[in-house]
Amino acid sequence: MENSKVPLHLCHVHKLSNFINRTHILVHSIALVFLISYRASFFFQHPKTKATTLPWLLVFASEVLLAFEWLLSQSYRWRTVSRTVFPERLPEDDKLPPIDVFICTADPEKEPTVGVMNTVLSAMAMDYPPEKLHVYLSDDAGAAVTLNGMREAWRFAKWWLPFCKRYGIKCTAPEAYFSAGEDDGDENGGFGGSEFVQEKEHIKEKYEAFKKSVTENARIGDTRSNSRRDHSAVIEVIQETSSDNVDAIQANEAKNKPLLIYVSREKRPSQPHHFKAGALNVLLRESGVISNSPYILGLDCDMHCHDASSARQAMCFHLDPKISHSLAFVQFPQKFCNISNNDIYDSQLRSTFKVHKNSRTKLCINQLYVICTNVLWKGYDGLGGPCVSGTGYYIKRVSLCESSISEAGDAMKLRQCFGPSNEFIKSLRQINKPDRMFVQRNNAQPNETQLLASCAYEDGTKWGKEVGFLYGSVVEDYFTGFHLHCKGWISVYCDPKRPQFLGSGTTNLDDFLVQGTRWSSGLVDVAISKFNPLIYGPFKMPTFLHSMCYAELALFPIFYFLSLWGFATIPQLCLLNGIPLYPQVSNTYFIVFAFIFLSSHSKHLYEVLATGSTFRHWVNEQRIWMMKSITSHLYGSVDAFMKKLGIREASFFPTNKVDDVEQLKRYNMGVFDFQTSLLFLVPMVALIILNMASFAVGIARGIFVGELDKMFIQVFIPFYVIVMNYPIIEGMLIRKDKGSIPLSVTLVSALVSLIFYFFGSIIFM
């Protein structure tokens, strides 16, 4: 670096956006106070004018829960920031620190090997000194097809890596690169000359041969589906020919290629394996005795490197002397390449991500280049940094072990904390020096690597409790980030113009709801533990607003499913029975309820439009919010409570990465595919039927009894639910294709609606 005083990055505070957000928070909060005062006045009314007490209290509880959730979510909007990096100001390559790359896969049937190998190859081809890159793949299935795929990837890498380096290829995943349109050549590197075109075609032929070999191995190979929870450890440094690990390391260095290591930890049915967090901790130990790099890049197996410069951009923060001592990790946003124009399932998570379209580019399987930019995380960043977001993060190794390390530490205490491996304990004494830049590749003995990957290694230690990635929840990323921030570490959110990593979002309703259920369960695990951010966080974190961010993430599944079930049933049942719950139109408090509805929805619409999306996206988000709240958040919360009570064990199912052609076609057409579990379908359809019936009765009451003024809000609520969820009605009554709602489901749901009605009539009358 020519001038050490020149900053490597800048932080920009969004003053206008923050002013708008804070003004809205103030005004909306005042309206909520009036709403609460109206509800509280119920208890002081004359007994003869009181409505039925139970439904009134239930609706009040739903309103309070939703208001509290809204209040927690405003912490993200209090101080939004963005950052700019200057990688050209970094020191020379020989002064950059080594990096270990951790990639996790768990099921070759749901996570195709070709896609996983694309992620591996993209990491190997990053714009970073190759002798300082070490790529580790954790295969929790212990599948032979994955190990064979690694060997094939290593062979193809000797063609792919020089090509990327020679022509400055930015998108280093071959599938994404070769699938891009012809006009994408300049953006992805290359010079357009005949030599480049000829070599590109040659590399493409090599890639097709690589894909064919991997696919054939997957077709005829052993996926070991019966032994995914019962297999021995396998650790292999990948190389051309069979040899020991020492020769492999020397060969890799001679060829100036990143080190490539396959790791399959031992798993036994009698031993807990702690899902992804357990796999990451094994990689943490294995890499400690092999490369022991001070920084780690974590990637999902379907999240390839779309910009080769991500490591250099992350180092702009990690090497900044002003924040390096307290910086735990740099988080890049999750962005997706297979999102349709309509995105009916909100797979891009626009409440967390915003979308920009580049009409020049054709990427992956779609005609749309989707760049998702994390919006909420910019507010998270302004308060102390976001949580670990599962993938696309550069984390400091010392932050995962720092609290238990001392250079002059007692050997016995280190063993009690980190386990019995002498080699690993020896490596710990080096990671307390995060500024070291030399490359360290040790010749780990096979018996040592086997020990570190054994399923009993962590017994009696602090792994997953105070050391490494934390256990106790399937959302190990959130839990680990929270723990790091509570220990005084900070994080930053880096969102460059070009997406650094691209993955594939869910493109069918079943996968989307299953994924949502898993996330909800993991978040509620934390909410009902001693680490509840509202209880544990304020005493550990520097600001209460930062604790509120973590609390919102942990608690929103509970608050949403309780409040949405209340709003989807109580006003409707009372409307069917002629019980008013809201002020009539001529009442002054009607303005309060109308204002709160318009205020929250107009602010949401403003955020959607401001991030480059459309009114249609706003409708989709409203619909998916309702669907997830009454299904995924409900089942995820119940699952977490059952685990807490010991009724069931924790489970983890990887999201399916294999596209069904028909489902994908419907998704791209903007048509819902209702081929999902009855547990998801019946609640949605039953509530729609209930709302349709209550709306019809409400209109009849307004016409024939003249109660529209008194029941207007209760008529409007089911009307709004019906309009927003029209695709469900269409799937029930109009569509006849394979993705429609079966008649049997509609009949069962109608029966459930009748039970709701009779039960409500008995309770509320």
# chains A, B, ... in the order shown; residues from 1 in each chain; ligands from 1
call {"tool": "select_by_dssp", "arguments": {"residues": "region 428-529 of chain A", "states": "strand (DSSP E or B)", "output": "list of chain:residue names"}}
result
A:Trp463, A:Val467, A:Ile490, A:Ser491, A:Val492, A:Tyr493, A:Phe501, A:Leu502, A:Gly503
call {"tool": "write_last_selection", "arguments": {"atoms": "N, CA, C and O atoms", "output": "short mmCIF file (atom, residue, chain, number, x, y, z; two decimals), in the first residue's frame"}}
result
data_model
loop_
_atom_site.label_atom_id
_atom_site.label_comp_id
_atom_site.auth_asym_id
_atom_site.auth_seq_id
_atom_site.Cartn_x
_atom_site.Cartn_y
_atom_site.Cartn_z
N TRP A 463 -16.57 -27.46 22.44
CA TRP A 463 -16.97 -27.29 21.04
C TRP A 463 -18.49 -27.14 20.94
O TRP A 463 -19.25 -27.93 21.51
N VAL A 467 -16.77 -22.64 21.83
CA VAL A 467 -15.74 -22.70 20.80
C VAL A 467 -16.37 -23.09 19.47
O VAL A 467 -17.23 -23.96 19.41
N ILE A 490 -17.37 -7.10 16.38
CA ILE A 490 -18.26 -6.41 15.46
C ILE A 490 -18.19 -7.11 14.11
O ILE A 490 -17.33 -7.96 13.87
N SER A 491 -19.10 -6.75 13.22
CA SER A 491 -19.10 -7.28 11.86
C SER A 491 -19.47 -6.15 10.91
O SER A 491 -19.97 -5.10 11.35
N VAL A 492 -19.22 -6.33 9.63
CA VAL A 492 -19.61 -5.33 8.64
C VAL A 492 -20.33 -6.03 7.49
O VAL A 492 -20.14 -7.23 7.25
N TYR A 493 -21.11 -5.25 6.80
CA TYR A 493 -21.86 -5.75 5.65
C TYR A 493 -21.35 -5.07 4.40
O TYR A 493 -21.34 -3.84 4.30
N PHE A 501 -21.38 -13.34 -4.81
CA PHE A 501 -21.77 -14.75 -4.80
C PHE A 501 -23.20 -14.87 -5.33
O PHE A 501 -24.05 -14.03 -5.02
N LEU A 502 -23.44 -15.91 -6.10
CA LEU A 502 -24.78 -16.16 -6.63
C LEU A 502 -25.18 -17.61 -6.34
O LEU A 502 -24.37 -18.52 -6.50
N GLY A 503 -26.40 -17.78 -5.92
CA GLY A 503 -26.92 -19.12 -5.66
C GLY A 503 -28.26 -19.32 -6.34
O GLY A 503 -28.66 -18.53 -7.20
#
call {"tool": "residues_around", "arguments": {"residues": "Ala61 (chain A)", "least_positions_apart": "3", "cutoff": "9 Å", "atoms": "only C-alpha atoms", "output": "PyMOL selection string"}}
result
chain A and resi 56-58+64-66+562-563+566
call {"tool": "write_last_selection", "arguments": {"atoms": "N, CA, C and O atoms", "output": "JSON list (two decimals), in the first residue's frame"}}
result
[["chain", "number", "residue", "atom", "x", "y", "z"],
["A", 56, "TRP", "N", -62.76, -10.15, 21.92],
["A", 56, "TRP", "CA", -62.17, -8.81, 22.03],
["A", 56, "TRP", "C", -60.73, -8.91, 22.54],
["A", 56, "TRP", "O", -59.81, -8.29, 21.98],
["A", 57, "LEU", "N", -60.52, -9.69, 23.57],
["A", 57, "LEU", "CA", -59.18, -9.85, 24.13],
["A", 57, "LEU", "C", -58.24, -10.55, 23.14],
["A", 57, "LEU", "O", -57.06, -10.22, 23.05],
["A", 58, "LEU", "N", -58.76, -11.53, 22.40],
["A", 58, "LEU", "CA", -57.92, -12.25, 21.45],
["A", 58, "LEU", "C", -57.45, -11.34, 20.32],
["A", 58, "LEU", "O", -56.29, -11.39, 19.89],
["A", 64, "VAL", "N", -51.46, -6.35, 19.71],
["A", 64, "VAL", "CA", -50.29, -6.02, 20.54],
["A", 64, "VAL", "C", -49.06, -6.78, 20.06],
["A", 64, "VAL", "O", -47.96, -6.22, 19.97],
["A", 65, "LEU", "N", -49.23, -8.06, 19.75],
["A", 65, "LEU", "CA", -48.10, -8.85, 19.27],
["A", 65, "LEU", "C", -47.55, -8.31, 17.96],
["A", 65, "LEU", "O", -46.33, -8.19, 17.77],
["A", 66, "LEU", "N", -48.46, -7.97, 17.03],
["A", 66, "LEU", "CA", -48.02, -7.45, 15.74],
["A", 66, "LEU", "C", -47.37, -6.08, 15.90],
["A", 66, "LEU", "O", -46.39, -5.76, 15.22],
["A", 562, "LEU", "N", -49.02, -16.27, 15.69],
["A", 562, "LEU", "CA", -50.09, -15.99, 16.66],
["A", 562, "LEU", "C", -50.99, -14.86, 16.18],
["A", 562, "LEU", "O", -52.22, -14.98, 16.21],
["A", 563, "SER", "N", -50.39, -13.76, 15.73],
["A", 563, "SER", "CA", -51.20, -12.61, 15.32],
["A", 563, "SER", "C", -51.97, -12.88, 14.03],
["A", 563, "SER", "O", -53.14, -12.51, 13.92],
["A", 566, "GLY", "N", -54.87, -15.08, 14.57],
["A", 566, "GLY", "CA", -55.92, -14.30, 15.22],
["A", 566, "GLY", "C", -56.70, -13.45, 14.24],
["A", 566, "GLY", "O", -57.93, -13.45, 14.21]]
call {"tool": "atom_distance", "arguments": {"atom1": "CA of Phe424 (chain A)", "atom2": "CA of Arg397 (chain A)"}}
result
13.3 Å
call {"tool": "closest_residue", "arguments": {"among": "A:Val715, A:Val282, A:Ala551, A:Val197", "to": "Lys267 (chain A)", "atoms": "only C-alpha atoms"}}
result
A:Val282
call {"tool": "residues_around", "arguments": {"residues": "region 23-40 of chain A", "least_positions_apart": "5", "cutoff": "9 Å", "atoms": "only C-alpha atoms", "output": "PyMOL selection string"}}
result
chain A and resi 18+56-57+60+63-64+67+71+74+589+592-593+595-596+599-600+603
call {"tool": "residues_around", "arguments": {"residues": "Thr631 (chain A)", "least_positions_apart": "2", "cutoff": "10 Å", "atoms": "only C-alpha atoms", "output": "list in words"}}
result
Leu513, Val514, Gly516, Thr517, Phe561, Trp565, Met626, Met627, Lys628, Ser629, His633, Leu634, Tyr635, Gly636, Ser637, Leu679, Phe680, Leu681, Val682, Pro683 and Met684 of chain A
call {"tool": "write_last_selection", "arguments": {"atoms": "N, CA, C and O atoms", "output": "compact mmCIF listing (two decimals), in the first residue's frame"}}
result
# COMPACT_ATOMS: atom_id res chain seq x y z
N LEU A 513 -41.82 -23.50 1.77
CA LEU A 513 -42.45 -23.62 3.09
C LEU A 513 -41.66 -24.54 4.01
O LEU A 513 -41.57 -24.30 5.22
N VAL A 514 -41.07 -25.60 3.45
CA VAL A 514 -40.23 -26.49 4.26
C VAL A 514 -39.01 -25.73 4.76
O VAL A 514 -38.63 -25.83 5.94
N GLY A 516 -38.79 -22.50 5.16
CA GLY A 516 -39.27 -21.53 6.14
C GLY A 516 -39.55 -22.17 7.48
O GLY A 516 -39.30 -21.56 8.53
N THR A 517 -40.07 -23.39 7.47
CA THR A 517 -40.32 -24.11 8.73
C THR A 517 -39.02 -24.40 9.46
O THR A 517 -38.93 -24.24 10.69
N PHE A 561 -47.18 -15.96 13.60
CA PHE A 561 -48.18 -17.03 13.51
C PHE A 561 -49.32 -16.79 14.50
O PHE A 561 -50.49 -17.04 14.18
N TRP A 565 -52.95 -15.81 12.75
CA TRP A 565 -54.05 -16.74 13.00
C TRP A 565 -55.21 -16.01 13.70
O TRP A 565 -56.38 -16.29 13.44
N MET A 626 -48.55 -13.90 4.57
CA MET A 626 -49.71 -14.56 5.15
C MET A 626 -49.55 -16.08 5.12
O MET A 626 -49.81 -16.77 6.11
N MET A 627 -49.12 -16.61 3.96
CA MET A 627 -48.99 -18.07 3.82
C MET A 627 -47.97 -18.63 4.81
O MET A 627 -48.21 -19.65 5.47
N LYS A 628 -46.81 -17.98 4.90
CA LYS A 628 -45.77 -18.48 5.80
C LYS A 628 -46.18 -18.36 7.26
O LYS A 628 -45.85 -19.21 8.09
N SER A 629 -46.89 -17.29 7.58
CA SER A 629 -47.26 -17.06 8.98
C SER A 629 -48.18 -18.14 9.51
O SER A 629 -48.05 -18.58 10.65
N HIS A 633 -44.32 -20.63 10.02
CA HIS A 633 -44.03 -20.08 11.34
C HIS A 633 -44.75 -20.85 12.44
O HIS A 633 -44.22 -21.02 13.55
N LEU A 634 -45.96 -21.33 12.14
CA LEU A 634 -46.69 -22.14 13.11
C LEU A 634 -45.95 -23.44 13.38
O LEU A 634 -45.65 -23.77 14.54
N TYR A 635 -45.66 -24.20 12.33
CA TYR A 635 -45.03 -25.51 12.52
C TYR A 635 -43.61 -25.38 13.05
O TYR A 635 -43.16 -26.21 13.85
N GLY A 636 -42.89 -24.35 12.62
CA GLY A 636 -41.55 -24.14 13.13
C GLY A 636 -41.55 -23.83 14.61
O GLY A 636 -40.71 -24.35 15.37
N SER A 637 -42.49 -23.00 15.05
CA SER A 637 -42.58 -22.66 16.48
C SER A 637 -42.98 -23.87 17.31
O SER A 637 -42.40 -24.13 18.37
N LEU A 679 -50.37 -30.69 5.42
CA LEU A 679 -50.15 -29.84 6.59
C LEU A 679 -50.00 -28.38 6.20
O LEU A 679 -50.30 -27.49 6.99
N PHE A 680 -49.53 -28.12 4.99
CA PHE A 680 -49.43 -26.75 4.50
C PHE A 680 -50.71 -26.32 3.79
O PHE A 680 -51.17 -25.18 3.96
N LEU A 681 -51.30 -27.21 3.00
CA LEU A 681 -52.44 -26.83 2.17
C LEU A 681 -53.71 -26.61 2.99
O LEU A 681 -54.43 -25.63 2.79
N VAL A 682 -54.02 -27.55 3.88
CA VAL A 682 -55.31 -27.50 4.59
C VAL A 682 -55.49 -26.20 5.38
O VAL A 682 -56.56 -25.57 5.29
N PRO A 683 -54.50 -25.74 6.18
CA PRO A 683 -54.72 -24.46 6.88
C PRO A 683 -54.97 -23.30 5.93
O PRO A 683 -55.85 -22.46 6.19
N MET A 684 -54.21 -23.23 4.84
CA MET A 684 -54.39 -22.12 3.90
C MET A 684 -55.77 -22.16 3.27
O MET A 684 -56.48 -21.13 3.23
call {"tool": "residues_around", "arguments": {"residues": "region 86-100 of chain A", "least_positions_apart": "3", "cutoff": "6 Å", "atoms": "only C-alpha atoms", "output": "list in words"}}
result
Met1, Leu8, His9, Lys132, Leu133, His134, Val135, Ser293, Tyr295, Ile296, Arg312, Gln313 and Met437 of chain A
call {"tool": "write_last_selection", "arguments": {"atoms": "N, CA, C and O atoms", "output": "CSV table (one decimal), in the first residue's frame"}}
result
chain,number,residue,atom,x,y,z
A,1,MET,N,0.9,-1.2,0.0
A,1,MET,CA,0.0,0.0,0.0
A,1,MET,C,0.9,1.2,0.0
A,1,MET,O,1.7,1.4,0.9
A,8,LEU,N,-8.9,2.0,3.3
A,8,LEU,CA,-9.2,0.9,2.5
A,8,LEU,C,-10.7,0.8,2.2
A,8,LEU,O,-11.2,0.1,1.3
A,9,HIS,N,-11.5,1.5,3.0
A,9,HIS,CA,-13.0,1.5,2.8
A,9,HIS,C,-13.6,2.7,3.4
A,9,HIS,O,-12.9,3.4,4.3
A,132,LYS,N,-2.1,-19.2,-1.3
A,132,LYS,CA,-2.7,-18.8,0.0
A,132,LYS,C,-4.2,-19.1,0.0
A,132,LYS,O,-4.9,-18.7,0.9
A,133,LEU,N,-4.6,-20.0,-0.9
A,133,LEU,CA,-6.0,-20.5,-0.9
A,133,LEU,C,-6.0,-21.9,-0.6
A,133,LEU,O,-5.3,-22.7,-1.1
A,134,HIS,N,-6.9,-22.3,0.3
A,134,HIS,CA,-7.1,-23.7,0.7
A,134,HIS,C,-8.6,-24.0,0.7
A,134,HIS,O,-9.3,-23.5,1.5
A,135,VAL,N,-9.1,-24.9,-0.2
A,135,VAL,CA,-10.5,-25.1,-0.3
A,135,VAL,C,-10.9,-26.5,0.3
A,135,VAL,O,-10.3,-27.5,-0.1
A,293,SER,N,-5.2,-21.1,8.2
A,293,SER,CA,-5.3,-19.8,7.7
A,293,SER,C,-6.0,-18.9,8.7
A,293,SER,O,-7.0,-19.3,9.4
A,295,TYR,N,-8.0,-16.5,8.2
A,295,TYR,CA,-9.4,-16.1,7.7
A,295,TYR,C,-10.1,-17.3,7.0
A,295,TYR,O,-9.4,-18.1,6.4
A,296,ILE,N,-11.4,-17.3,7.1
A,296,ILE,CA,-12.2,-18.4,6.6
A,296,ILE,C,-13.3,-17.8,5.8
A,296,ILE,O,-14.0,-16.9,6.2
A,312,ARG,N,-10.4,-10.0,-1.8
A,312,ARG,CA,-9.7,-8.8,-1.7
A,312,ARG,C,-10.6,-7.7,-1.1
A,312,ARG,O,-10.1,-6.8,-0.4
A,313,GLN,N,-11.9,-7.7,-1.5
A,313,GLN,CA,-12.8,-6.7,-0.9
A,313,GLN,C,-13.0,-7.0,0.6
A,313,GLN,O,-13.0,-6.0,1.3
A,437,MET,N,1.1,-13.3,7.7
A,437,MET,CA,0.8,-13.4,6.3
A,437,MET,C,1.5,-14.6,5.6
A,437,MET,O,1.2,-14.8,4.4
call {"tool": "residues_around", "arguments": {"residues": "Glu476 (chain A)", "least_positions_apart": "5", "cutoff": "10 Å", "atoms": "only C-alpha atoms", "output": "list in words"}}
result
His274, Phe275, Lys276, Ala277, Gly278, Leu280, Val388, Ser389, Gly390, Gly464, Phe469, Leu470, Tyr471, Gly481, Phe482, Gly522 and Leu523 of chain A
call {"tool": "select_by_dssp", "arguments": {"residues": "region 615-698 of chain A", "states": "helix (DSSP H, G or I)", "output": "count of residues only"}}
result
59
call {"tool": "residues_around", "arguments": {"residues": "region 121-127 of chain A", "least_positions_apart": "2", "cutoff": "9 Å", "atoms": "only C-alpha atoms", "output": "short mmCIF file (atom, residue, chain, number, x, y, z; two decimals) with C-alpha atoms, in the first residue's frame"}}
result
data_model
loop_
_atom_site.label_atom_id
_atom_site.label_comp_id
_atom_site.auth_asym_id
_atom_site.auth_seq_id
_atom_site.Cartn_x
_atom_site.Cartn_y
_atom_site.Cartn_z
CA VAL A 101 -12.62 -21.84 2.15
CA VAL A 116 -21.32 -28.49 -5.85
CA MET A 117 -18.19 -28.86 -7.96
CA ASN A 118 -18.97 -25.56 -9.69
CA THR A 119 -18.85 -23.90 -6.29
CA PRO A 129 -2.60 -15.79 -4.55
CA PRO A 130 -3.28 -19.51 -5.20
CA LEU A 133 -6.01 -20.45 -0.87
CA HIS A 134 -7.12 -23.75 0.66
CA VAL A 135 -10.52 -25.13 -0.33
CA ALA A 153 -12.84 -31.10 -10.49
CA TRP A 154 -9.15 -31.18 -9.63
CA PHE A 156 -10.51 -29.88 -14.81
CA ALA A 157 -9.03 -27.12 -12.62
CA TRP A 160 -10.01 -23.75 -15.87
CA LEU A 161 -7.78 -21.85 -13.41
CA PRO A 162 -5.16 -20.68 -15.96
CA CYS A 164 -9.62 -17.51 -15.64
CA LYS A 165 -6.32 -15.93 -14.64
CA GLY A 168 -9.42 -11.98 -15.98
CA LYS A 170 -14.90 -12.51 -13.09
CA CYS A 171 -17.54 -15.23 -12.84
CA THR A 172 -15.34 -18.20 -11.95
CA ALA A 173 -18.08 -20.85 -11.91
CA PRO A 174 -17.86 -22.59 -15.31
CA LYS A 257 -2.85 -24.29 -7.42
CA PRO A 258 -4.96 -23.91 -4.27
CA LEU A 259 -4.98 -26.84 -1.90
CA LEU A 260 -8.14 -28.95 -2.31
CA HIS A 304 -20.73 -19.94 -6.36
CA CYS A 305 -18.28 -17.05 -6.64
CA HIS A 306 -19.65 -14.60 -9.18
CA ASP A 307 -16.87 -12.06 -8.70
CA ALA A 308 -13.34 -13.31 -8.28
CA SER A 309 -12.38 -10.28 -6.17
CA SER A 310 -14.49 -10.98 -3.07
CA ALA A 311 -11.47 -12.00 -0.95
CA ARG A 312 -9.66 -8.77 -1.72
#
call {"tool": "atom_distance", "arguments": {"atom1": "CA of Leu299 (chain A)", "atom2": "CA of Asn338 (chain A)"}}
result
18.0 Å
call {"tool": "atom_distance", "arguments": {"atom1": "CA of Glu111 (chain A)", "atom2": "CA of Asp300 (chain A)"}}
result
10.4 Å
call {"tool": "closest_residue", "arguments": {"among": "A:Ser454, A:Lys465, A:Lys15, A:Gly392", "to": "Gln271 (chain A)", "atoms": "only C-alpha atoms"}}
result
A:Ser454
call {"tool": "decode", "arguments": {"residues": "region 127-141 of chain A", "atoms": "N, CA, C and O atoms", "output": "PDB file, in the first residue's frame"}}
result
ATOM      1  N   ASP A 127      -9.555 -14.492  -7.508  1.00  0.00           N
ATOM      2  CA  ASP A 127      -8.418 -13.609  -7.752  1.00  0.00           C
ATOM      3  C   ASP A 127      -7.670 -13.378  -6.441  1.00  0.00           C
ATOM      4  O   ASP A 127      -7.853 -12.363  -5.762  1.00  0.00           O
ATOM      5  N   TYR A 128      -6.845 -14.328  -6.108  1.00  0.00           N
ATOM      6  CA  TYR A 128      -6.099 -14.303  -4.847  1.00  0.00           C
ATOM      7  C   TYR A 128      -4.882 -15.207  -5.038  1.00  0.00           C
ATOM      8  O   TYR A 128      -4.948 -16.175  -5.824  1.00  0.00           O
ATOM      9  N   PRO A 129      -3.781 -14.925  -4.387  1.00  0.00           N
ATOM     10  CA  PRO A 129      -2.605 -15.788  -4.554  1.00  0.00           C
ATOM     11  C   PRO A 129      -2.963 -17.247  -4.324  1.00  0.00           C
ATOM     12  O   PRO A 129      -3.422 -17.615  -3.233  1.00  0.00           O
ATOM     13  N   PRO A 130      -2.823 -18.117  -5.326  1.00  0.00           N
ATOM     14  CA  PRO A 130      -3.284 -19.507  -5.196  1.00  0.00           C
ATOM     15  C   PRO A 130      -2.602 -20.274  -4.075  1.00  0.00           C
ATOM     16  O   PRO A 130      -3.216 -21.150  -3.471  1.00  0.00           O
ATOM     17  N   GLU A 131      -1.342 -19.925  -3.785  1.00  0.00           N
ATOM     18  CA  GLU A 131      -0.655 -20.626  -2.698  1.00  0.00           C
ATOM     19  C   GLU A 131      -1.214 -20.243  -1.333  1.00  0.00           C
ATOM     20  O   GLU A 131      -0.913 -20.891  -0.326  1.00  0.00           O
ATOM     21  N   LYS A 132      -2.072 -19.207  -1.298  1.00  0.00           N
ATOM     22  CA  LYS A 132      -2.682 -18.771  -0.041  1.00  0.00           C
ATOM     23  C   LYS A 132      -4.161 -19.138   0.037  1.00  0.00           C
ATOM     24  O   LYS A 132      -4.874 -18.658   0.919  1.00  0.00           O
ATOM     25  N   LEU A 133      -4.620 -19.981  -0.875  1.00  0.00           N
ATOM     26  CA  LEU A 133      -6.005 -20.450  -0.872  1.00  0.00           C
ATOM     27  C   LEU A 133      -6.042 -21.938  -0.563  1.00  0.00           C
ATOM     28  O   LEU A 133      -5.270 -22.716  -1.130  1.00  0.00           O
ATOM     29  N   HIS A 134      -6.947 -22.338   0.308  1.00  0.00           N
ATOM     30  CA  HIS A 134      -7.116 -23.746   0.661  1.00  0.00           C
ATOM     31  C   HIS A 134      -8.609 -24.032   0.703  1.00  0.00           C
ATOM     32  O   HIS A 134      -9.336 -23.454   1.519  1.00  0.00           O
ATOM     33  N   VAL A 135      -9.084 -24.879  -0.178  1.00  0.00           N
ATOM     34  CA  VAL A 135     -10.518 -25.132  -0.331  1.00  0.00           C
ATOM     35  C   VAL A 135     -10.874 -26.480   0.286  1.00  0.00           C
ATOM     36  O   VAL A 135     -10.346 -27.521  -0.126  1.00  0.00           O
ATOM     37  N   TYR A 136     -11.777 -26.453   1.267  1.00  0.00           N
ATOM     38  CA  TYR A 136     -12.220 -27.658   1.964  1.00  0.00           C
ATOM     39  C   TYR A 136     -13.692 -27.915   1.635  1.00  0.00           C
ATOM     40  O   TYR A 136     -14.518 -27.001   1.709  1.00  0.00           O
ATOM     41  N   LEU A 137     -14.001 -29.137   1.288  1.00  0.00           N
ATOM     42  CA  LEU A 137     -15.393 -29.531   1.077  1.00  0.00           C
ATOM     43  C   LEU A 137     -15.789 -30.552   2.135  1.00  0.00           C
ATOM     44  O   LEU A 137     -15.172 -31.611   2.254  1.00  0.00           O
ATOM     45  N   SER A 138     -16.828 -30.229   2.908  1.00  0.00           N
ATOM     46  CA  SER A 138     -17.374 -31.168   3.881  1.00  0.00           C
ATOM     47  C   SER A 138     -18.538 -31.917   3.244  1.00  0.00           C
ATOM     48  O   SER A 138     -19.506 -31.305   2.807  1.00  0.00           O
ATOM     49  N   ASP A 139     -18.421 -33.243   3.182  1.00  0.00           N
ATOM     50  CA  ASP A 139     -19.471 -34.094   2.615  1.00  0.00           C
ATOM     51  C   ASP A 139     -20.092 -34.904   3.744  1.00  0.00           C
ATOM     52  O   ASP A 139     -19.567 -35.933   4.140  1.00  0.00           O
ATOM     53  N   ASP A 140     -21.216 -34.426   4.248  1.00  0.00           N
ATOM     54  CA  ASP A 140     -21.848 -35.096   5.379  1.00  0.00           C
ATOM     55  C   ASP A 140     -22.504 -36.410   4.992  1.00  0.00           C
ATOM     56  O   ASP A 140     -22.852 -37.205   5.860  1.00  0.00           O
ATOM     57  N   ALA A 141     -22.705 -36.630   3.698  1.00  0.00           N
ATOM     58  CA  ALA A 141     -23.294 -37.894   3.262  1.00  0.00           C
ATOM     59  C   ALA A 141     -22.240 -38.985   3.114  1.00  0.00           C
ATOM     60  O   ALA A 141     -22.577 -40.167   3.011  1.00  0.00           O
TER      61      ALA A 141
END
